[in-house]
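Okay, protein.cif now, which holds mmCIF, C-alpha atoms:
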data_entry
#
loop_
_atom_site.label_atom_id
_atom_site.label_comp_id
_atom_site.auth_asym_id
_atom_site.auth_seq_id
_atom_site.Cartn_x
_atom_site.Cartn_y
_atom_site.Cartn_z
CA MET A 62 93.57 88.28 95.32
CA GLU A 63 92.92 86.24 98.43
CA ASP A 64 94.15 82.86 97.10
CA CYS A 65 97.30 84.16 95.40
CA LEU A 66 100.53 82.80 96.89
CA PHE A 67 102.58 85.86 95.90
CA CYS A 68 99.96 88.31 97.20
CA LYS A 69 100.21 86.50 100.55
CA ILE A 70 104.02 86.64 100.47
CA ALA A 71 103.98 90.38 99.63
CA ALA A 72 101.52 90.97 102.49
CA GLY A 73 103.77 89.09 104.94
CA GLU A 74 101.21 86.32 105.50
CA ILE A 75 103.67 83.69 104.22
CA PRO A 76 107.32 83.92 105.28
CA SER A 77 110.03 84.63 102.72
CA LYS A 78 113.63 85.82 102.72
CA CYS A 79 113.32 89.47 101.72
CA VAL A 80 115.84 91.07 99.38
CA TYR A 81 114.08 94.44 99.01
CA GLN A 82 110.69 96.05 99.41
CA ASP A 83 109.00 99.39 98.99
CA ASP A 84 105.40 100.50 98.57
CA GLN A 85 105.13 99.04 95.03
CA VAL A 86 107.30 95.90 94.81
CA TYR A 87 108.64 93.07 96.93
CA ALA A 88 111.78 91.06 96.15
CA PHE A 89 112.60 87.74 97.81
CA TYR A 90 114.86 84.74 97.30
CA ASP A 91 113.49 81.82 95.29
CA ILE A 92 112.87 78.68 97.37
CA ASP A 93 114.25 76.51 94.52
CA PRO A 94 117.21 78.54 93.20
CA GLN A 95 118.43 77.83 89.68
CA ALA A 96 121.61 79.91 90.05
CA PRO A 97 123.90 80.96 92.92
CA THR A 98 121.82 84.12 93.21
CA HIS A 99 118.13 83.76 92.33
CA PHE A 100 115.42 86.05 93.57
CA LEU A 101 111.99 87.18 92.42
CA VAL A 102 110.66 90.70 92.06
CA ILE A 103 106.88 91.01 92.23
CA PRO A 104 104.46 93.92 92.22
CA LYS A 105 102.53 94.19 95.48
CA LYS A 106 99.43 94.89 93.41
CA HIS A 107 98.09 91.71 91.80
CA ILE A 108 98.80 91.54 88.06
CA GLU A 109 98.33 88.08 86.58
CA SER A 110 101.18 88.00 84.06
CA VAL A 111 103.03 89.93 81.36
CA ALA A 112 99.90 89.53 79.22
CA ALA A 113 97.98 91.67 81.74
CA ILE A 114 100.32 94.67 81.61
CA ASN A 115 98.51 97.79 80.41
CA ALA A 116 98.65 101.58 80.56
CA GLU A 117 97.18 101.56 84.08
CA ASN A 118 99.78 99.26 85.64
CA SER A 119 102.88 99.62 83.43
CA GLY A 120 104.41 102.16 85.82
CA ILE A 121 104.72 99.41 88.44
CA VAL A 122 106.51 97.23 85.89
CA ALA A 123 108.92 100.05 85.02
CA HIS A 124 109.59 100.51 88.73
CA ALA A 125 110.23 96.76 89.12
CA PHE A 126 112.94 96.98 86.44
CA GLU A 127 114.47 100.03 88.15
CA VAL A 128 114.64 97.95 91.34
CA ILE A 129 116.18 95.02 89.44
CA ALA A 130 118.90 97.31 88.04
CA LYS A 131 119.56 98.78 91.51
CA LEU A 132 119.81 95.36 93.17
CA ALA A 133 122.02 93.97 90.38
CA SER A 134 124.40 96.89 90.89
CA GLU A 135 124.37 96.60 94.69
CA MET A 136 124.92 92.82 94.54
CA GLY A 137 127.83 93.23 92.13
CA PHE A 138 126.50 91.32 89.13
CA LYS A 139 129.50 92.49 87.08
CA GLU A 140 129.55 89.39 84.85
CA GLY A 141 125.87 89.72 84.00
CA PHE A 142 122.47 88.48 85.03
CA ARG A 143 119.25 87.18 83.51
CA VAL A 144 115.68 88.39 84.04
CA VAL A 145 112.91 85.91 83.17
CA SER A 146 109.14 86.13 83.27
CA ASN A 147 107.10 83.10 82.22
CA CYS A 148 103.73 84.00 80.77
CA GLY A 149 101.07 81.30 80.78
CA LYS A 150 101.00 77.63 81.66
CA GLN A 151 102.76 76.43 78.49
CA ALA A 152 105.64 78.83 79.20
CA GLY A 153 106.05 77.41 82.71
CA GLN A 154 104.18 80.00 84.77
CA SER A 155 103.09 78.22 87.94
CA VAL A 156 102.05 81.19 90.08
CA PHE A 157 99.68 83.50 88.22
CA HIS A 158 100.99 86.74 89.70
CA LEU A 159 103.46 88.72 87.60
CA HIS A 160 107.00 88.00 88.73
CA PHE A 161 110.49 88.46 87.42
CA HIS A 162 113.17 85.88 88.18
CA VAL A 163 116.59 87.48 88.55
CA LEU A 164 119.45 85.00 88.20
CA SER A 165 123.21 85.51 88.43
CA GLY A 166 126.43 83.82 89.44
CA ARG A 167 126.79 81.26 86.66
CA ASP A 168 126.96 81.06 82.87
CA MET A 169 123.49 81.06 81.34
CA THR A 170 122.79 78.85 78.34
CA TRP A 171 120.70 79.56 75.26
CA PRO A 172 118.09 78.56 74.35
CA PRO A 173 116.89 78.72 77.94
CA GLY A 174 114.42 75.88 77.98
#

This structure in structure tokens:
Amino acid sequence: MEDCLFCKIAAGEIPSKCVYQDDQVYAFYDIDPQAPTHFLVIPKKHIESVAAINAENSGIVAHAFEVIAKLASEMGFKEGFRVVSNCGKQAGQSVFHLHFHVLSGRDMTWPPG
């Protein structure tokens, strides 16, 4: 998608602080962190949101969660971490490209918002 902010970040057209990347996903630090460690994991292929996950693209989502688990282990999130994906405007999704917020380093409250 040519106007998608996260597609441009994944393609390297917009600078970001990379955490991890491979041929399927890109992870980068959030520009407005809500925890001591806060990064996003996005598929490089444009998927609008959780609502757009289907049999054709669910493998990318599974891979994204494998990457999240790997990074959490490597970063030493021994006390825990939270993974969040907002789906739709009412839920707070502001960039309509599937992304997973990974937050750690502080106590998380419930309900979240």

Next on the checklist: Residue by residue, what does the PyMOL selection byres ((chain A and resi 133) around 12) grab here? Present the result as a VMD selection string.
Outcome noted: chain A and resid 80 to 81 98 to 100 102 126 to 132 134 to 144 163 to 166

Next on the checklist: Given the PyMOL selection byres ((chain A and resi 67) around 9) and the file above, list the residues it selects as a list in words.
Outcome noted: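 Evaluating the PyMOL selection byres ((chain A and resi 67) around 9) on this file yields Cys65, Leu66, Cys68, Lys69, Ile70, Ala71, Ala72, Ile75, Ile103, Lys105, His107, Val156, Phe157, His158, Leu159 and His160 of chain A.
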
Save the residues we just selected, C-alpha atoms, as an mmCIF file, in the coordinates of the input?
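Result written to again23.cif:
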data_model
loop_
_atom_site.group_PDB
_atom_site.id
_atom_site.type_symbol
_atom_site.label_atom_id
_atom_site.label_comp_id
_atom_site.auth_asym_id
_atom_site.auth_seq_id
_atom_site.Cartn_x
_atom_site.Cartn_y
_atom_site.Cartn_z
ATOM 1 C CA CYS A 65 97.300 84.160 95.400
ATOM 2 C CA LEU A 66 100.530 82.800 96.890
ATOM 3 C CA CYS A 68 99.960 88.310 97.200
ATOM 4 C CA LYS A 69 100.210 86.500 100.550
ATOM 5 C CA ILE A 70 104.020 86.640 100.470
ATOM 6 C CA ALA A 71 103.980 90.380 99.630
ATOM 7 C CA ALA A 72 101.520 90.970 102.490
ATOM 8 C CA ILE A 75 103.670 83.690 104.220
ATOM 9 C CA ILE A 103 106.880 91.010 92.230
ATOM 10 C CA LYS A 105 102.530 94.190 95.480
ATOM 11 C CA HIS A 107 98.090 91.710 91.800
ATOM 12 C CA VAL A 156 102.050 81.190 90.080
ATOM 13 C CA PHE A 157 99.680 83.500 88.220
ATOM 14 C CA HIS A 158 100.990 86.740 89.700
ATOM 15 C CA LEU A 159 103.460 88.720 87.600
ATOM 16 C CA HIS A 160 107.000 88.000 88.730
#

Item to check | Spatial neighbours of Val111 (chain A), 7 Å, only C-alpha atoms, chain gap at least 2 places, as a ChimeraX atom specification | outcome: /A:113-114,148,159

Checklist entry - Between A:Glu109, A:Glu117, A:Asp84, A:Asp168, which is the closest to Ser146 (chain A) once you count only C-alpha atoms? => result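 Ranking A:Glu109, A:Glu117, A:Asp84, A:Asp168 by distance to Ser146 (chain A), first place goes to A:Glu109.
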
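Restricting the calculation to all atoms listed in the file, the smallest distance between Pro97 (chain A) and any of A:His162, A:Arg167, A:Pro172, A:Asp83 is found for A:Arg167.
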
Checklist entry - Can you list, as JSON, numbers by chain, every protein, DNA or RNA residue that comes within 10 Å of Ser77 (chain A) when you count all atoms listed in the file, leaving out same-chain residues fewer than 6 positions away? => result {"A": [70, 71, 88, 89, 90, 91, 92]}

Checklist entry - Quick one, how far is CA of Glu63 (chain A) from CA of Gln151 (chain A)? => result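 Atom-to-atom, CA of Glu63 (chain A) to CA of Gln151 (chain A), that is 24.3 Å.
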
Next on the checklist: Rounded to one decimal, what separation in Å do you get between CA of Asp93 (chain A) and CA of Ser155 (chain A)?
Outcome noted: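 Atom-to-atom, CA of Asp93 (chain A) and CA of Ser155 (chain A) are spaced 13.1 Å apart.
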